[in-house]
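Q: Take a look at the following structure, please.
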Amino acid sequence: MSSLMGLISGIVLALALIVFTFWPEKNSAVQREKTRLDFLEELKEQIYLNLRDLNFEYQAGKYPQEDYAVQRAILENEAAAVLSEMDALSGRVLG
């Protein structure tokens, strides 16, 4: 009888934990919708991380000079495009 009560208690606890974990959030303010500027900020940070990693790997001897120069130029052009769009959006928001 005691082991049956323990088993039932364990099942109830497991179900309660599953419901608590996967219950959808009611507060919509918690999950704010991303703006284009938010997306661009995340993209800029990712490009900067990629540039940092590329520089590190080049200094470690993992990239030849030609490949490094091409990859760096691609990443710098992407960063310039993202920054340009961010400036344009900020100008529209502020102006």
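To be explicit about the labels: the chains of the structure tokens are called A, B, and onward in the order shown, and within each one the residues are counted from 1, while ligands get numbers from 1 in the order they are shown.
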Please run DSSP on the backbone and report, as a count of residues only, all residues within chain A that come out as helix (DSSP H, G or I).
A: 75
Q: Skipping near chain neighbours, those fewer than 6 positions away, what residues fall within 12 Å of Phe39 (chain A) using only C-alpha atoms, listed as a list in words?
A: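 Non-adjacent residues within range: Glu33, Glu45, Gln46, Val82, Leu83, Glu85, Met86 and Leu89 of chain A.
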Q: Just the residues within 10 Å of region 74-78 of chain A, please, counting only C-alpha atoms, with nothing from its chain fewer than 5 positions along; format it as number ranges by chain.
A: A: 43-44, 47-48, 50-51, 54, 68-69, 83-84
Q: To one decimal place in Å, what is the distance between CA of Asp87 (chain A) and CA of Arg36 (chain A)?
A: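 Taking CA of Asp87 (chain A) as the start and CA of Arg36 (chain A) as the end point, the length is 11.9 Å.
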Q: Can you measure CA of Glu42 (chain A) to CA of Ala88 (chain A) for me? One decimal in Å is fine.
A: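 These atoms are spaced 16.6 Å apart.
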